[in-house]
Amino acid sequence: FYYPTAQVSLLDHILVDNWGAYASNFSSAITPCTNYVTEVGEPALISGRTTAAQWIRVAFHDYVTANVTAGTGGLDASIGFETLRSENSGSAMNDSFTFWRPFMNDAVSMSDLVAIGTVMSMSLCGGHKLPFRPGRVDAMAADPTTGVPAPETDLNTTLLYFARAGFDRSDAIGLTACGHTMGSVHHGGFPDVVPVSAVTANNTNGGINFDTTRGVFDPLVVHEYIDWTGHMGGPLVTTDNVTTRSDLRLYESDSNSTMRALYAQGEGFLDTCVNLMGRMVNTVPSGVTLGDPIQPMLIKPINVTYDFSTDGNLTLSGRIRVLTSAGETAPSYLTLKAGSSNQQLTSEAETGTSVFGANIKSTASAYGTTTYFPFIIAGRQTAGAKSFTISWPGRKTATFPIQDDVFVVPSATEISGTVINATVAARSGINGGAYSIQIAAPTAQMGTLGPKVIRATLNMRRLPGMNDGYALWQGSVDLGKVPTGLVSVSVMREGATIDTFMVNPGAAGW
Ligand code: HEM
């Protein structure tokens, strides 16, 4: 069972479970914020590249070909198909898609990953939290609209591109300053901006940083530009090549009044960036509706599932995650009520660390904590139960729906190469034939590193005998391709999803 939905549960995992126990592998790519995840060890350290910055740049390039009047483009992962366009020069697009790829599945679109990449870079690297709204839909081809501002693009054309995407001049200046507080311009992709002399043994791609803190999302780029200190706004301001001084042209285009206003905001600049970056990542094609911002759950059931134990008995098992804020103590126990079972749960020793629950006014180490409470209940105690209830004494009680009529059996459902073998259990008296079993698997597609979800319906055959009061049904399908991420196996009835199990093919990611 996924609460409240598979989509929100998986994305909450990326947002909240940053480090330590059960951490999603996502935050590690940008920890520390100067990290370059595409290489390891020494080559990464001397690469002059910054994954957190690349993620923000990818979101900008995906977004800026939006035409808000026509309702096309925006955050739709079409950038994956557009990496050969010269306007998308540089390694950021393919580096980022390579890292995000195993996280993509039927519940989590590549375009939601493009957006959450920016959200994570801001939240983890010193910026203020950008609320994350899920629900972006991936494009199946390149966006026919072209036009990403490049260093040599003239001012009017640049402003036209931004206007097409819904941003006026001061929005465009603000958004560019927000983006250019992290990362660098590299000689590799931009020899007309950064001379070959920038390439050294300790800076193998010849990156020149926009400000003195390339791994921190802070107001420094604005301050160094106005004060003419440090990196003075970065290479797109200071390069010897006048034609490629795109940031200087943009910032000066209203006589620096926007940059001065951003300067005067001090730390308030970070809230301006929440607003502008939020507008950027929430620009989606018409017809796509985003969900409400994901609020980290204080009490979150994880991997809660019915299954059969090795001796064939039905069990309900899982783990409850509790999120506590900096300075708050985790509960010493929780109570769990399900059917006739009423138990006290004790926590595992290992805890996790989360930027949610961080005290941003305090030191950076004052993060929230995730604590995990595992449980297992015999199926006879939960028979017919429609929900279970978790109490954090004195703080919160939450109830979550379950059902044991029909479910995918995790221990007997697996991926073997390109083949999915699924087992479904239907309680005695339930007409198993009324249900259909559907597979949704992310697989490689031509032209982009973003996977495409392919679907199949399984033909199920009933196995002889009964298993703890359940009939078992089995089916297989050969997808013809190895899945790139979690494969969902869903039990459907009259168009409604009754149960879903996400099978991990062993791809890194979750
Ligand atoms: C006039 C508009 C803009 C132009 C001409 C421009 C141009 C560039 C160029 C040439 C680079 C160097 C890329 C590389 O060498 O890898 C770069 C880096 C970057 N840009 Fe922009 N940019 C613009 C606006 C924006 C905006 C609006 C954002 C985000 C909101 C953004 C985010 C970034 C980031 C984060 C980097 C650093 C990437 C890294 O370190 O790998 N840019 N930009």
# chains A, B, ... in the order shown; residues from 1 in each chain; ligands from 1
>>> select_by_dssp(residues="segment 30-242 of chain A", states="alpha helix (DSSP H)", output="ChimeraX atom specification")
/A:42-45,51-63,92-100,110-124,155-164,169-179,220-227,235-238
>>> write_last_selection(atoms="C-alpha atoms", output="PDB file, in the first residue's frame")
ATOM      1  CA  GLU A  42      39.608  12.443  -7.870  1.00  0.00           C
ATOM      2  CA  PRO A  43      38.233  12.973 -11.414  1.00  0.00           C
ATOM      3  CA  ALA A  44      34.983  14.304  -9.877  1.00  0.00           C
ATOM      4  CA  LEU A  45      36.804  16.612  -7.481  1.00  0.00           C
ATOM      5  CA  THR A  51      25.593  18.377 -10.185  1.00  0.00           C
ATOM      6  CA  ALA A  52      23.300  20.610  -8.088  1.00  0.00           C
ATOM      7  CA  ALA A  53      23.866  23.455 -10.565  1.00  0.00           C
ATOM      8  CA  GLN A  54      23.412  21.188 -13.587  1.00  0.00           C
ATOM      9  CA  TRP A  55      19.982  20.154 -12.288  1.00  0.00           C
ATOM     10  CA  ILE A  56      18.829  23.789 -12.138  1.00  0.00           C
ATOM     11  CA  ARG A  57      20.167  24.483 -15.620  1.00  0.00           C
ATOM     12  CA  VAL A  58      18.332  21.463 -17.056  1.00  0.00           C
ATOM     13  CA  ALA A  59      15.043  22.689 -15.596  1.00  0.00           C
ATOM     14  CA  PHE A  60      15.619  26.121 -17.155  1.00  0.00           C
ATOM     15  CA  HIS A  61      16.359  24.686 -20.595  1.00  0.00           C
ATOM     16  CA  ASP A  62      13.320  22.381 -20.427  1.00  0.00           C
ATOM     17  CA  TYR A  63      11.112  25.279 -19.301  1.00  0.00           C
ATOM     18  CA  ALA A  92      24.283  19.088 -17.843  1.00  0.00           C
ATOM     19  CA  MET A  93      21.379  17.499 -19.739  1.00  0.00           C
ATOM     20  CA  ASN A  94      22.798  14.031 -20.300  1.00  0.00           C
ATOM     21  CA  ASP A  95      24.581  13.939 -16.928  1.00  0.00           C
ATOM     22  CA  SER A  96      21.338  14.741 -15.117  1.00  0.00           C
ATOM     23  CA  PHE A  97      19.128  12.396 -17.125  1.00  0.00           C
ATOM     24  CA  THR A  98      21.628   9.574 -16.550  1.00  0.00           C
ATOM     25  CA  PHE A  99      21.315  10.051 -12.799  1.00  0.00           C
ATOM     26  CA  TRP A 100      17.514  10.529 -12.775  1.00  0.00           C
ATOM     27  CA  MET A 110      10.875  12.270 -15.793  1.00  0.00           C
ATOM     28  CA  SER A 111       9.509  15.819 -15.839  1.00  0.00           C
ATOM     29  CA  ASP A 112       8.634  15.592 -12.118  1.00  0.00           C
ATOM     30  CA  LEU A 113      12.259  14.535 -11.592  1.00  0.00           C
ATOM     31  CA  VAL A 114      13.463  17.550 -13.601  1.00  0.00           C
ATOM     32  CA  ALA A 115      11.390  19.757 -11.280  1.00  0.00           C
ATOM     33  CA  ILE A 116      12.330  17.998  -8.032  1.00  0.00           C
ATOM     34  CA  GLY A 117      16.002  18.309  -9.007  1.00  0.00           C
ATOM     35  CA  THR A 118      15.693  22.097  -8.743  1.00  0.00           C
ATOM     36  CA  VAL A 119      13.662  21.811  -5.541  1.00  0.00           C
ATOM     37  CA  MET A 120      16.351  19.615  -3.960  1.00  0.00           C
ATOM     38  CA  SER A 121      19.248  21.787  -5.115  1.00  0.00           C
ATOM     39  CA  MET A 122      17.593  24.809  -3.536  1.00  0.00           C
ATOM     40  CA  SER A 123      16.541  23.079  -0.299  1.00  0.00           C
ATOM     41  CA  LEU A 124      19.796  21.249   0.318  1.00  0.00           C
ATOM     42  CA  LEU A 155      19.003  41.225 -25.706  1.00  0.00           C
ATOM     43  CA  ASN A 156      15.719  41.598 -27.579  1.00  0.00           C
ATOM     44  CA  THR A 157      15.656  37.977 -28.649  1.00  0.00           C
ATOM     45  CA  THR A 158      16.496  36.873 -25.111  1.00  0.00           C
ATOM     46  CA  LEU A 159      13.638  38.972 -23.712  1.00  0.00           C
ATOM     47  CA  LEU A 160      11.293  37.551 -26.369  1.00  0.00           C
ATOM     48  CA  TYR A 161      12.174  33.987 -25.345  1.00  0.00           C
ATOM     49  CA  PHE A 162      11.468  34.797 -21.692  1.00  0.00           C
ATOM     50  CA  ALA A 163       8.229  36.606 -22.578  1.00  0.00           C
ATOM     51  CA  ARG A 164       7.046  33.633 -24.629  1.00  0.00           C
ATOM     52  CA  ARG A 169      12.178  41.678 -18.081  1.00  0.00           C
ATOM     53  CA  SER A 170      12.538  41.945 -14.313  1.00  0.00           C
ATOM     54  CA  ASP A 171      11.351  38.332 -13.887  1.00  0.00           C
ATOM     55  CA  ALA A 172      13.997  37.273 -16.422  1.00  0.00           C
ATOM     56  CA  ILE A 173      16.742  39.176 -14.614  1.00  0.00           C
ATOM     57  CA  GLY A 174      15.668  37.740 -11.256  1.00  0.00           C
ATOM     58  CA  LEU A 175      15.418  34.172 -12.555  1.00  0.00           C
ATOM     59  CA  THR A 176      18.829  34.389 -14.221  1.00  0.00           C
ATOM     60  CA  ALA A 177      20.420  35.731 -11.024  1.00  0.00           C
ATOM     61  CA  CYS A 178      18.740  32.922  -9.039  1.00  0.00           C
ATOM     62  CA  GLY A 179      20.076  30.305 -11.450  1.00  0.00           C
ATOM     63  CA  LEU A 220      26.193  36.322  -3.461  1.00  0.00           C
ATOM     64  CA  VAL A 221      26.084  36.541  -7.265  1.00  0.00           C
ATOM     65  CA  VAL A 222      23.941  39.682  -6.980  1.00  0.00           C
ATOM     66  CA  HIS A 223      26.180  41.201  -4.325  1.00  0.00           C
ATOM     67  CA  GLU A 224      29.418  40.485  -6.147  1.00  0.00           C
ATOM     68  CA  TYR A 225      27.943  41.984  -9.322  1.00  0.00           C
ATOM     69  CA  ILE A 226      26.705  45.208  -7.692  1.00  0.00           C
ATOM     70  CA  ASP A 227      29.728  45.589  -5.408  1.00  0.00           C
ATOM     71  CA  PRO A 235      31.933  34.946 -16.844  1.00  0.00           C
ATOM     72  CA  LEU A 236      28.775  36.004 -18.707  1.00  0.00           C
ATOM     73  CA  VAL A 237      29.388  39.499 -17.276  1.00  0.00           C
ATOM     74  CA  THR A 238      33.152  39.718 -17.382  1.00  0.00           C
TER      75      THR A 238
END
>>> residues_around(residues="Asn313 of chain A", least_positions_apart="2", cutoff="10 Å", atoms="only C-alpha atoms", output="list in words")
Asp307, Phe308, Ser309, Thr310, Asp311, Thr315, Ala378, Gly379, Arg380, Asn467, Asp468 and Gly469 of chain A
>>> write_last_selection(atoms="C-alpha atoms", output="compact mmCIF listing (two decimals), in the first residue's frame")
# COMPACT_ATOMS: atom_id res chain seq x y z
CA ASP A 307 2.42 -11.33 1.77
CA PHE A 308 2.78 -15.00 2.60
CA SER A 309 5.54 -16.04 5.00
CA THR A 310 7.84 -18.94 4.12
CA ASP A 311 5.47 -21.30 5.95
CA THR A 315 1.06 -11.55 7.15
CA ALA A 378 -0.48 -12.38 11.44
CA GLY A 379 -3.12 -12.19 8.71
CA ARG A 380 -5.73 -13.94 10.84
CA ASN A 467 -2.87 -20.86 0.40
CA ASP A 468 -4.08 -19.78 3.89
CA GLY A 469 -7.58 -19.22 2.52
>>> residues_around(residues="Leu130 of chain A", least_positions_apart="2", cutoff="7 Å", atoms="only C-alpha atoms", output="tab-separated table (two decimals) with C-alpha atoms, in the first residue's frame")
chain	number	residue	atom	x	y	z
A	119	VAL	CA	13.66	21.81	-5.54
A	128	HIS	CA	14.66	28.40	0.85
A	132	PHE	CA	6.97	20.65	-4.81
A	274	VAL	CA	11.32	30.51	-4.44
A	278	GLY	CA	8.44	27.97	-8.56
>>> atom_distance(atom1="atom CA of Ala385 of chain A", atom2="atom CA of Ile498 of chain A")
14.9 Å
>>> atom_distance(atom1="atom CA of Trp510 of chain A", atom2="atom CA of Ala358 of chain A")
23.2 Å
>>> closest_residue(among="A:Ala70, A:Leu345, A:Cys273, A:Val64", to="Gly127 of chain A", atoms="only C-alpha atoms")
A:Cys273
>>> select_by_dssp(residues="segment 66-244 of chain A", states="strand (DSSP E or B)", output="PyMOL selection string")
chain A and resi 67+72+184-186+200+203+207-209
>>> closest_residue(among="A:Ile377, A:Val193, A:Val40, A:Ala444", to="Ser246 of chain A", atoms="only C-alpha atoms")
A:Val193
>>> atom_distance(atom1="atom CA of Arg101 of chain A", atom2="atom CA of Gly485 of chain A")
7.5 Å
>>> closest_residue(among="A:Gly48, A:Gly318, A:Gly166, A:Pro144", to="Ala198 of chain A", atoms="only C-alpha atoms")
A:Gly48
>>> residues_around(residues="Thr244 of chain A", least_positions_apart="2", cutoff="6 Å", atoms="only C-alpha atoms", output="list in words")
Pro151, Glu152, Asn241, Val242 and Ser246 of chain A
>>> write_last_selection(atoms="N, CA and C atoms", output="PDB file, in the first residue's frame")
ATOM      1  N   PRO A 151      24.807  32.647 -24.777  1.00  0.00           N
ATOM      2  CA  PRO A 151      25.636  33.816 -24.463  1.00  0.00           C
ATOM      3  C   PRO A 151      25.660  34.862 -25.570  1.00  0.00           C
ATOM      4  N   GLU A 152      25.560  34.441 -26.840  1.00  0.00           N
ATOM      5  CA  GLU A 152      25.660  35.402 -27.947  1.00  0.00           C
ATOM      6  C   GLU A 152      24.293  35.928 -28.391  1.00  0.00           C
ATOM      7  N   ASN A 241      35.108  38.584 -24.347  1.00  0.00           N
ATOM      8  CA  ASN A 241      34.343  38.555 -25.586  1.00  0.00           C
ATOM      9  C   ASN A 241      33.012  39.299 -25.382  1.00  0.00           C
ATOM     10  N   VAL A 242      32.948  40.533 -25.869  1.00  0.00           N
ATOM     11  CA  VAL A 242      31.781  41.390 -25.622  1.00  0.00           C
ATOM     12  C   VAL A 242      30.483  40.732 -26.100  1.00  0.00           C
ATOM     13  N   SER A 246      26.161  37.933 -22.054  1.00  0.00           N
ATOM     14  CA  SER A 246      24.693  37.942 -22.016  1.00  0.00           C
ATOM     15  C   SER A 246      24.133  38.385 -20.665  1.00  0.00           C
TER      16      SER A 246
END
>>> closest_residue(among="A:Ala77, A:Leu84, A:Ala6, A:Ala165", to="ligand 1", atoms="only C-alpha atoms and all ligand atoms")
A:Ala165
>>> residues_around(residues="Pro451 of chain A", least_positions_apart="3", cutoff="9 Å", atoms="only C-alpha atoms", output="list in words")
Arg101, Pro102, Met104, Asn105, Met110, Pro442, Thr443, Ala444, Gln445, Met446, Thr448, Pro483, Thr484 and Gly485 of chain A
>>> write_last_selection(atoms="N, CA and C atoms", output="short mmCIF file (atom, residue, chain, number, x, y, z; two decimals), in the first residue's frame")
data_model
loop_
_atom_site.label_atom_id
_atom_site.label_comp_id
_atom_site.auth_asym_id
_atom_site.auth_seq_id
_atom_site.Cartn_x
_atom_site.Cartn_y
_atom_site.Cartn_z
N ARG A 101 17.38 8.76 -14.41
CA ARG A 101 16.75 7.68 -15.17
C ARG A 101 16.21 6.53 -14.32
N PRO A 102 17.00 5.95 -13.37
CA PRO A 102 16.45 4.82 -12.61
C PRO A 102 15.32 5.20 -11.65
N MET A 104 12.74 7.01 -12.58
CA MET A 104 11.52 7.23 -13.35
C MET A 104 10.70 5.94 -13.43
N ASN A 105 9.38 6.06 -13.28
CA ASN A 105 8.49 4.90 -13.40
C ASN A 105 7.08 5.40 -13.67
N MET A 110 9.56 11.65 -15.65
CA MET A 110 10.87 12.27 -15.79
C MET A 110 10.75 13.78 -15.56
N PRO A 442 9.01 1.14 -17.07
CA PRO A 442 9.83 2.13 -17.77
C PRO A 442 10.91 1.42 -18.58
N THR A 443 11.06 1.82 -19.82
CA THR A 443 12.08 1.18 -20.67
C THR A 443 12.77 2.25 -21.52
N ALA A 444 13.94 1.89 -22.02
CA ALA A 444 14.72 2.83 -22.82
C ALA A 444 13.96 3.18 -24.10
N GLN A 445 14.07 4.42 -24.55
CA GLN A 445 13.49 4.80 -25.84
C GLN A 445 14.53 5.56 -26.64
N MET A 446 14.32 5.59 -27.95
CA MET A 446 15.24 6.26 -28.86
C MET A 446 15.20 7.77 -28.66
N THR A 448 16.30 9.90 -26.38
CA THR A 448 16.40 10.56 -25.08
C THR A 448 16.83 9.55 -24.04
N PRO A 483 13.68 -3.46 -17.91
CA PRO A 483 13.15 -2.21 -17.32
C PRO A 483 14.28 -1.35 -16.74
N THR A 484 14.11 -0.03 -16.83
CA THR A 484 15.13 0.89 -16.32
C THR A 484 14.87 1.30 -14.88
N GLY A 485 13.69 0.96 -14.35
CA GLY A 485 13.35 1.38 -12.98
C GLY A 485 12.22 0.52 -12.45
#
>>> closest_residue(among="A:Met277, A:Met502, A:Ala29, A:Leu323", to="ligand 1", atoms="only C-alpha atoms and all ligand atoms")
A:Met277
>>> closest_residue(among="A:Asp138, A:Thr272, A:Asn88, A:Ser9", to="Val453 of chain A", atoms="only C-alpha atoms")
A:Asp138
>>> residues_around(residues="Leu10 of chain A", least_positions_apart="3", cutoff="8 Å", atoms="only C-alpha atoms", output="MDAnalysis selection string")
chainID A and resid 6:7 13:14 107:108
>>> residues_around(residues="Tyr333 of chain A", least_positions_apart="3", cutoff="8 Å", atoms="only C-alpha atoms", output="list in words")
Gln344, Leu345, Thr346, Ser347 and Trp392 of chain A
